[in-house]
Amino acid sequence: MLEKQLQLIRSNNRIASTEIISQIITDFTEIHGDRVLGDDPAITTGIGFLSDIPVTILAVNRGKTMIEHQRFNGGQVRVSGYRKALRVVEAAEKFNRPVISLIDMPGADASVDSENHGQSQAIADLIDKMGALTVPNLALFVGEGHSGGALALSNANRILMLEAALFSVASPEAVAAIITTNDDVSEYLPMTSSQLEKIGINDETILENDRLIVNIKQALLKHIQELKLIPRDSLPMDRSDKFNRILATWNTGE
Amino acid sequence: MSHSPAKGTWNKCPFCHVHVNQLEWGFYKQCPHCHHYLRLTAQQRINQVVDKNSFKQLELNMTTLNQLKVPEYDDKLAKAKDKSGLTEAMVIGTAQIKSQRVMLGVMDTNFMMGTLNTTVGEIIKQLYFEAAKHKLPVVLFIASGGARMQEGIYSLLQMNTILNAKRNFDQSKQVSINVLTDPTMGGVSASFAFEGDFVIAEKYTQIGFAGRRVIETISTEKLPIEFQDADHLKQHGLLDDVIERSEMADYIGRILKLHQEESSC
Ligand SMILES: [Zn+2]
């Protein structure tokens, strides 16, 4: 079952983050580069209007064709990508713009360059900044999102997931290799949209019917409008409360 | 926790494979041939860096449960407790280093490779909370293979919630010193390990996000021997310094002294 779902979300027919941008954001203006090292094509960052609200977008690209797949590194964001996201998020805070992440990434960029350029530091810095943001942030899982990189983009006030999307500590294949089971790893570890909705991580599952784009736009608007009612200084607390509530359901044996 | 080995026993250095007499490893557990260090237990680490008898462990009475009913996890936990003599992969408490009080946290690779789970995460959050409450500097000895898979997304969410606790601690304006020891990898490396006022490493430490073997299978080129080694990271500008084990207490003591409030000098 999980295998079928992986095929679906990894297929070239799966809606791409950039397609969502072009259909729900007007006046989208891309912002390139981390101003230090380069411009990572695996993540598109920029600003535009959602309805009449200016928003900041962080969108991971996986690629639909072989050429795109290569260009986007299959959605494995590199160090300069996290750095680009960080500076765009800092600007969002200055101009009081909500931040929307569109997540479709299989995991870390396992490469010599990413290690030598400080992948760990870049991910940690983005997790930290997203947690401290005094503007609302929302994450939408479009396909899969695994490990620290996905967490950096989803350390947010609200998390939304398309029906078939997955969010996990590591890719299902990597998890299976470590806990050595022939069962679907999702039988043990919650990672599907419905499982994560049950434990409070996923705030809303977005139905993948023929109104998908409308569903996405309406859900994002609804949550942004709710979050705009929270005083800016209280947004970090709202965010940490969300995650603390989830972790409070874990029995520590005390 | 620690027991002294019988006189005259030999073991093979895991790095140069030369047979070394137990006595030759010495107090700092350093190979006399290739100079690499053996990994330390939490207790050994504490003995090496804190002023004699100054460590007071903070007991938290938490037990790790296999809440997700993952196969073999109960067994692995039982074996880890047996092997390490600990209830989890981290020990915290107050201590003095060169006569200066600190909140100290030490991870132990003998407990499931020091992996980060709900309990370890909670212990680290407590460490930051206590340090802020008592206005103490934080010294963290990190050693971890990354997030513990058996607790899934609950392990992953330690990464962001620990950093929330760290930001609260930072408001106390106390210095934090993170010492990366072998190995510092994955979800630990990409969260609290690299978020400190000082991020240093013990010499010969492996540090990275993705594992060396994973990178090796994906990349076509052979990885150089120094890849992910502490000195290599320092050359790339990713660490404040790399310190020998025998110099560690002095180094930390000096940093603490440089951050003492003027009134207490
Ligand atoms: Zn040796």
# chains A, B, ... in the order shown; residues from 1 in each chain; ligands from 1
>>> closest_atom_pairs(of="chain A", to="chain B", cutoff="7 Å", atoms="only C-alpha atoms", output="CSV")
residue,atom,partner,partner_atom,distance
A:Ala108,CA,B:Ala210,CA,6.9
A:Ala110,CA,B:Ile215,CA,5.1
A:Ser111,CA,B:Ile215,CA,5.6
A:Glu115,CA,B:Gly208,CA,6.2
A:Asn116,CA,B:His236,CA,6.4
A:Gly118,CA,B:Leu238,CA,6.4
A:Gln119,CA,B:Phe209,CA,6.7
A:Ser120,CA,B:Ala190,CA,3.9
A:Gln121,CA,B:Phe194,CA,5.7
A:Ile123,CA,B:Ala190,CA,5.7
A:Ala124,CA,B:Ser191,CA,4.5
A:Ile127,CA,B:Asn160,CA,6.1
A:Asp128,CA,B:Leu163,CA,6.1
A:Gly131,CA,B:Asn164,CA,6.9
A:Ser147,CA,B:Leu156,CA,7.0
A:Gly148,CA,B:Gly187,CA,6.1
A:Asn155,CA,B:Asn160,CA,6.9
A:Ser168,CA,B:Ile153,CA,5.7
A:Val169,CA,B:Ile153,CA,5.1
A:Val175,CA,B:Met149,CA,6.3
A:Ile179,CA,B:Gln150,CA,6.8
A:Tyr188,CA,B:Leu68,CA,5.6
A:Leu189,CA,B:Gly152,CA,5.5
A:Ser240,CA,B:Thr161,CA,6.9
A:Leu247,CA,B:Tyr154,CA,6.7
A:Thr252,CA,B:Met62,CA,5.5
A:Gly253,CA,B:Thr63,CA,5.0
A:Glu254,CA,B:Met62,CA,5.2
>>> write_last_selection(atoms="C-alpha atoms", output="PDB file, in the first residue's frame")
ATOM      1  CA  ALA A 108      19.181  15.276   2.336  1.00  0.00           C
ATOM      2  CA  ALA A 110      24.082  13.219   0.153  1.00  0.00           C
ATOM      3  CA  SER A 111      27.130  14.779  -1.483  1.00  0.00           C
ATOM      4  CA  GLU A 115      28.909  18.292   3.644  1.00  0.00           C
ATOM      5  CA  ASN A 116      31.904  20.562   3.025  1.00  0.00           C
ATOM      6  CA  GLY A 118      27.959  23.001   6.071  1.00  0.00           C
ATOM      7  CA  GLN A 119      24.658  21.281   5.353  1.00  0.00           C
ATOM      8  CA  SER A 120      24.087  20.643   9.073  1.00  0.00           C
ATOM      9  CA  GLN A 121      24.578  24.284  10.014  1.00  0.00           C
ATOM     10  CA  ILE A 123      19.472  23.194   8.126  1.00  0.00           C
ATOM     11  CA  ALA A 124      19.823  24.002  11.839  1.00  0.00           C
ATOM     12  CA  ILE A 127      14.832  25.298  11.642  1.00  0.00           C
ATOM     13  CA  ASP A 128      15.762  27.857  14.288  1.00  0.00           C
ATOM     14  CA  GLY A 131      10.661  28.606  14.871  1.00  0.00           C
ATOM     15  CA  SER A 147      14.339  14.340   7.604  1.00  0.00           C
ATOM     16  CA  GLY A 148      15.787  17.620   8.838  1.00  0.00           C
ATOM     17  CA  ASN A 155       8.636  24.243  11.524  1.00  0.00           C
ATOM     18  CA  SER A 168       8.658  11.136   7.945  1.00  0.00           C
ATOM     19  CA  VAL A 169      11.875  11.125   9.992  1.00  0.00           C
ATOM     20  CA  VAL A 175      13.563   3.630   7.867  1.00  0.00           C
ATOM     21  CA  ILE A 179      14.209  -1.150  11.751  1.00  0.00           C
ATOM     22  CA  TYR A 188       4.458   1.383  12.866  1.00  0.00           C
ATOM     23  CA  LEU A 189       5.555   4.954  12.232  1.00  0.00           C
ATOM     24  CA  SER A 240       6.015  25.768  19.865  1.00  0.00           C
ATOM     25  CA  LEU A 247       5.006  15.468  22.055  1.00  0.00           C
ATOM     26  CA  THR A 252       7.707   9.306  29.094  1.00  0.00           C
ATOM     27  CA  GLY A 253       7.047   6.744  31.822  1.00  0.00           C
ATOM     28  CA  GLU A 254       7.162   9.390  34.534  1.00  0.00           C
TER      29      GLU A 254
END
>>> closest_atom_pairs(of="chain B", to="ligand 1", cutoff="9 Å", atoms="only C-alpha atoms and all ligand atoms", output="JSON lines")
{"residue": "B:Lys12", "atom": "CA", "partner": "ligand 1", "partner_atom_place_in_ligand_line": "1 (Zn)", "distance": 7.9}
{"residue": "B:Cys13", "atom": "CA", "partner": "ligand 1", "partner_atom_place_in_ligand_line": "1 (Zn)", "distance": 4.6}
{"residue": "B:Pro14", "atom": "CA", "partner": "ligand 1", "partner_atom_place_in_ligand_line": "1 (Zn)", "distance": 6.6}
{"residue": "B:Phe15", "atom": "CA", "partner": "ligand 1", "partner_atom_place_in_ligand_line": "1 (Zn)", "distance": 5.0}
{"residue": "B:Cys16", "atom": "CA", "partner": "ligand 1", "partner_atom_place_in_ligand_line": "1 (Zn)", "distance": 4.0}
{"residue": "B:His17", "atom": "CA", "partner": "ligand 1", "partner_atom_place_in_ligand_line": "1 (Zn)", "distance": 6.1}
{"residue": "B:Val18", "atom": "CA", "partner": "ligand 1", "partner_atom_place_in_ligand_line": "1 (Zn)", "distance": 6.0}
{"residue": "B:His19", "atom": "CA", "partner": "ligand 1", "partner_atom_place_in_ligand_line": "1 (Zn)", "distance": 8.2}
{"residue": "B:Val20", "atom": "CA", "partner": "ligand 1", "partner_atom_place_in_ligand_line": "1 (Zn)", "distance": 7.9}
{"residue": "B:Gln30", "atom": "CA", "partner": "ligand 1", "partner_atom_place_in_ligand_line": "1 (Zn)", "distance": 7.9}
{"residue": "B:Cys31", "atom": "CA", "partner": "ligand 1", "partner_atom_place_in_ligand_line": "1 (Zn)", "distance": 4.6}
{"residue": "B:Pro32", "atom": "CA", "partner": "ligand 1", "partner_atom_place_in_ligand_line": "1 (Zn)", "distance": 6.7}
{"residue": "B:His33", "atom": "CA", "partner": "ligand 1", "partner_atom_place_in_ligand_line": "1 (Zn)", "distance": 5.1}
{"residue": "B:Cys34", "atom": "CA", "partner": "ligand 1", "partner_atom_place_in_ligand_line": "1 (Zn)", "distance": 4.1}
{"residue": "B:His35", "atom": "CA", "partner": "ligand 1", "partner_atom_place_in_ligand_line": "1 (Zn)", "distance": 6.0}
{"residue": "B:His36", "atom": "CA", "partner": "ligand 1", "partner_atom_place_in_ligand_line": "1 (Zn)", "distance": 5.7}
{"residue": "B:Tyr37", "atom": "CA", "partner": "ligand 1", "partner_atom_place_in_ligand_line": "1 (Zn)", "distance": 8.1}
>>> residues_around(residues="Ser171 in chain A", least_positions_apart="4", cutoff="7 Å", atoms="only C-alpha atoms", output="short mmCIF file (atom, residue, chain, number, x, y, z; two decimals) with all heavy atoms, in the first residue's frame")
data_model
loop_
_atom_site.label_atom_id
_atom_site.label_comp_id
_atom_site.auth_asym_id
_atom_site.auth_seq_id
_atom_site.Cartn_x
_atom_site.Cartn_y
_atom_site.Cartn_z
N PRO A 106 12.83 14.36 -1.19
CA PRO A 106 13.07 13.00 -0.69
C PRO A 106 13.99 12.93 0.52
O PRO A 106 14.02 11.92 1.21
CB PRO A 106 13.72 12.31 -1.88
CG PRO A 106 14.39 13.40 -2.63
CD PRO A 106 13.57 14.63 -2.42
N GLY A 107 14.78 13.98 0.77
CA GLY A 107 15.70 13.91 1.91
C GLY A 107 16.92 14.76 1.64
O GLY A 107 16.93 15.62 0.78
N HIS A 146 11.05 14.41 3.99
CA HIS A 146 11.68 13.59 5.01
C HIS A 146 12.87 14.30 5.63
O HIS A 146 13.54 15.10 5.00
CB HIS A 146 12.17 12.27 4.42
CG HIS A 146 11.11 11.54 3.66
ND1 HIS A 146 9.90 11.22 4.22
CD2 HIS A 146 11.06 11.08 2.39
CE1 HIS A 146 9.15 10.60 3.31
NE2 HIS A 146 9.83 10.51 2.19
N VAL A 175 14.11 4.11 6.59
CA VAL A 175 13.56 3.63 7.87
C VAL A 175 13.54 2.11 7.88
O VAL A 175 13.98 1.46 8.85
CB VAL A 175 12.14 4.18 8.11
CG1 VAL A 175 11.52 3.53 9.34
CG2 VAL A 175 12.16 5.70 8.28
#
>>> select_by_dssp(residues="range 32-243 of chain A", states="alpha helix (DSSP H)", output="PyMOL selection string")
chain A and resi 66-71+79-94+112-116+119-132+147-154+172-179+193-198+212-227+235-243
>>> residues_around(residues="Thr18 in chain A", least_positions_apart="6", cutoff="9 Å", atoms="only C-alpha atoms", output="PyMOL selection string")
chain A and resi 44+59-61+102
>>> atom_distance(atom1="CA of Tyr82 in chain A", atom2="CA of Glu197 in chain A")
27.0 Å
>>> residues_around(residues="Glu247 in chain B", least_positions_apart="3", cutoff="12 Å", atoms="only C-alpha atoms", output="list in words")
Tyr28, Gln48, Val49, Ala201, Glu202, Lys203, Asp241, Val242, Ile243, Glu244, Asp250, Tyr251, Ile252, Gly253 and Arg254 of chain B
>>> write_last_selection(atoms="C-alpha atoms", output="mmCIF file, in the first residue's frame")
data_model
loop_
_atom_site.group_PDB
_atom_site.id
_atom_site.type_symbol
_atom_site.label_atom_id
_atom_site.label_comp_id
_atom_site.auth_asym_id
_atom_site.auth_seq_id
_atom_site.Cartn_x
_atom_site.Cartn_y
_atom_site.Cartn_z
ATOM 1 C CA TYR B 28 42.747 9.802 27.720
ATOM 2 C CA GLN B 48 38.195 13.747 32.267
ATOM 3 C CA VAL B 49 36.720 17.240 32.133
ATOM 4 C CA ALA B 201 35.231 19.364 18.045
ATOM 5 C CA GLU B 202 37.473 16.837 19.652
ATOM 6 C CA LYS B 203 40.281 15.817 17.321
ATOM 7 C CA ASP B 241 38.473 24.976 16.701
ATOM 8 C CA VAL B 242 39.567 21.360 17.029
ATOM 9 C CA ILE B 243 40.919 20.384 20.447
ATOM 10 C CA GLU B 244 42.954 17.434 21.713
ATOM 11 C CA ASP B 250 41.726 23.753 29.921
ATOM 12 C CA TYR B 251 40.076 25.029 26.740
ATOM 13 C CA ILE B 252 36.567 24.988 28.226
ATOM 14 C CA GLY B 253 37.821 26.541 31.448
ATOM 15 C CA ARG B 254 39.387 29.394 29.492
#
>>> atom_distance(atom1="CA of Gln22 in chain B", atom2="CA of Asn110 in chain B")
19.0 Å
>>> atom_distance(atom1="CA of Phe95 in chain A", atom2="CA of Asn137 in chain A")
13.6 Å
>>> closest_residue(among="A:Gly75, A:Gly46, A:Gly38, A:Pro54", to="Gly143 in chain A", atoms="only C-alpha atoms")
A:Gly75
>>> residues_around(residues="Ala85 in chain A", least_positions_apart="5", cutoff="10 Å", atoms="only C-alpha atoms", output="list in words")
Ile31, His32, Gly33, Asp34, Asp40, Ile43, Thr44, Thr45, Gly46, Thr56, Ile57, Leu58, Ala59, Ser80, Glu90, Ala91, Ser101, Ala122, Leu126, Ala152 and Leu153 of chain A
>>> residues_around(residues="Val175 in chain B", least_positions_apart="6", cutoff="10 Å", atoms="only C-alpha atoms", output="PyMOL selection string")
chain B and resi 102+135-139+169+196-198+255-256+258-260
>>> write_last_selection(atoms="all heavy atoms", output="compact mmCIF listing (two decimals), in the first residue's frame")
# COMPACT_ATOMS: atom_id res chain seq x y z
N VAL B 102 28.84 24.94 35.84
CA VAL B 102 28.17 24.81 34.54
C VAL B 102 27.04 23.79 34.63
O VAL B 102 27.00 22.96 35.54
CB VAL B 102 29.15 24.32 33.43
CG1 VAL B 102 30.28 25.32 33.22
CG2 VAL B 102 29.69 22.93 33.74
N LYS B 135 20.93 30.42 35.79
CA LYS B 135 21.92 31.29 35.12
C LYS B 135 23.30 30.64 35.05
O LYS B 135 24.31 31.19 35.52
CB LYS B 135 21.99 32.67 35.80
CG LYS B 135 20.83 33.57 35.39
CD LYS B 135 21.09 35.02 35.74
CE LYS B 135 20.49 36.02 34.77
NZ LYS B 135 21.34 36.44 33.67
N LEU B 136 23.34 29.48 34.47
CA LEU B 136 24.60 28.75 34.33
C LEU B 136 24.96 28.60 32.86
O LEU B 136 24.08 28.44 32.01
CB LEU B 136 24.47 27.35 34.95
CG LEU B 136 24.37 27.26 36.46
CD1 LEU B 136 24.06 25.81 36.88
CD2 LEU B 136 25.66 27.74 37.11
N PRO B 137 26.26 28.62 32.54
CA PRO B 137 26.68 28.30 31.18
C PRO B 137 26.37 26.83 30.86
O PRO B 137 26.25 26.02 31.77
CB PRO B 137 28.20 28.52 31.21
CG PRO B 137 28.49 29.26 32.45
CD PRO B 137 27.40 28.94 33.42
N VAL B 138 26.24 26.52 29.57
CA VAL B 138 25.97 25.15 29.14
C VAL B 138 27.19 24.58 28.44
O VAL B 138 27.77 25.22 27.55
CB VAL B 138 24.75 25.10 28.20
CG1 VAL B 138 24.73 23.79 27.41
CG2 VAL B 138 23.45 25.25 28.99
N VAL B 139 27.60 23.39 28.87
CA VAL B 139 28.65 22.65 28.17
C VAL B 139 28.06 21.32 27.74
O VAL B 139 27.58 20.54 28.57
CB VAL B 139 29.89 22.42 29.06
CG1 VAL B 139 30.93 21.57 28.31
CG2 VAL B 139 30.50 23.74 29.49
N PHE B 169 16.87 29.66 26.55
CA PHE B 169 18.12 29.70 27.33
C PHE B 169 18.97 30.91 26.94
O PHE B 169 19.55 31.58 27.79
CB PHE B 169 18.90 28.40 27.14
CG PHE B 169 20.36 28.51 27.49
CD1 PHE B 169 20.77 28.52 28.82
CD2 PHE B 169 21.32 28.65 26.50
CE1 PHE B 169 22.11 28.64 29.15
CE2 PHE B 169 22.66 28.78 26.82
CZ PHE B 169 23.06 28.78 28.15
N GLY B 196 25.46 26.80 18.98
CA GLY B 196 26.03 27.17 20.27
C GLY B 196 26.87 28.40 20.05
O GLY B 196 27.23 28.71 18.91
N ASP B 197 27.21 29.13 21.14
CA ASP B 197 28.11 30.26 20.97
C ASP B 197 29.47 29.75 20.51
O ASP B 197 30.13 30.37 19.69
CB ASP B 197 28.26 31.01 22.29
CG ASP B 197 26.94 31.61 22.74
OD1 ASP B 197 26.29 32.25 21.89
OD2 ASP B 197 26.55 31.42 23.90
N PHE B 198 29.86 28.59 21.06
CA PHE B 198 31.09 27.94 20.61
C PHE B 198 30.76 26.55 20.11
O PHE B 198 30.05 25.80 20.77
CB PHE B 198 32.11 27.86 21.76
CG PHE B 198 32.74 29.18 22.05
CD1 PHE B 198 32.05 30.13 22.81
CD2 PHE B 198 33.97 29.51 21.51
CE1 PHE B 198 32.60 31.38 23.03
CE2 PHE B 198 34.52 30.76 21.74
CZ PHE B 198 33.83 31.69 22.50
N ILE B 255 37.40 29.43 28.08
CA ILE B 255 36.21 30.08 27.48
C ILE B 255 35.25 30.55 28.57
O ILE B 255 34.70 31.66 28.51
CB ILE B 255 35.48 29.11 26.52
CG1 ILE B 255 36.39 28.68 25.37
CG2 ILE B 255 34.19 29.74 25.97
CD1 ILE B 255 36.83 29.78 24.46
N LEU B 256 35.06 29.71 29.58
CA LEU B 256 34.15 30.07 30.67
C LEU B 256 34.68 31.33 31.39
O LEU B 256 33.92 32.24 31.68
CB LEU B 256 34.03 28.92 31.67
CG LEU B 256 33.28 27.68 31.17
CD1 LEU B 256 33.44 26.53 32.17
CD2 LEU B 256 31.80 27.97 30.93
N LEU B 258 36.51 33.66 30.18
CA LEU B 258 36.35 34.82 29.31
C LEU B 258 34.91 35.33 29.26
O LEU B 258 34.64 36.42 28.77
CB LEU B 258 36.82 34.48 27.89
CG LEU B 258 38.33 34.44 27.69
CD1 LEU B 258 38.72 33.65 26.47
CD2 LEU B 258 38.87 35.87 27.61
N HIS B 259 33.97 34.51 29.75
CA HIS B 259 32.56 34.91 29.72
C HIS B 259 31.99 35.13 31.12
O HIS B 259 30.78 35.25 31.26
CB HIS B 259 31.73 33.87 28.97
CG HIS B 259 31.99 33.90 27.50
ND1 HIS B 259 33.08 33.27 26.94
CD2 HIS B 259 31.35 34.51 26.48
CE1 HIS B 259 33.09 33.47 25.64
NE2 HIS B 259 32.05 34.22 25.33
N GLN B 260 32.85 35.18 32.12
CA GLN B 260 32.35 35.46 33.47
C GLN B 260 31.85 36.89 33.55
O GLN B 260 32.43 37.78 32.93
CB GLN B 260 33.47 35.26 34.50
CG GLN B 260 33.53 33.83 35.01
CD GLN B 260 34.63 33.67 36.04
OE1 GLN B 260 35.41 34.58 36.29
NE2 GLN B 260 34.69 32.50 36.63
>>> closest_residue(among="A:Leu8, A:Leu133, A:Val112, A:Leu207", to="Asn157 in chain A", atoms="only C-alpha atoms")
A:Leu133
>>> closest_residue(among="B:Asp170, B:Glu262, B:Glu88, B:Asp74", to="Ile123 in chain B", atoms="only C-alpha atoms")
B:Glu88
>>> closest_residue(among="A:Ile47, A:Leu151, A:Leu166, A:Ile67", to="Ile9 in chain A", atoms="only C-alpha atoms")
A:Leu166
>>> closest_atom_pairs(of="range 153-240 of chain A", to="range 20-29 of chain A", cutoff="9 Å", atoms="only C-alpha atoms", output="JSON lines")
{"residue": "A:Ile213", "atom": "CA", "partner": "A:Ile20", "partner_atom": "CA", "distance": 7.1}
{"residue": "A:Val214", "atom": "CA", "partner": "A:Ile24", "partner_atom": "CA", "distance": 8.3}
{"residue": "A:Ile216", "atom": "CA", "partner": "A:Ile24", "partner_atom": "CA", "distance": 8.4}
{"residue": "A:Lys217", "atom": "CA", "partner": "A:Ile24", "partner_atom": "CA", "distance": 6.2}
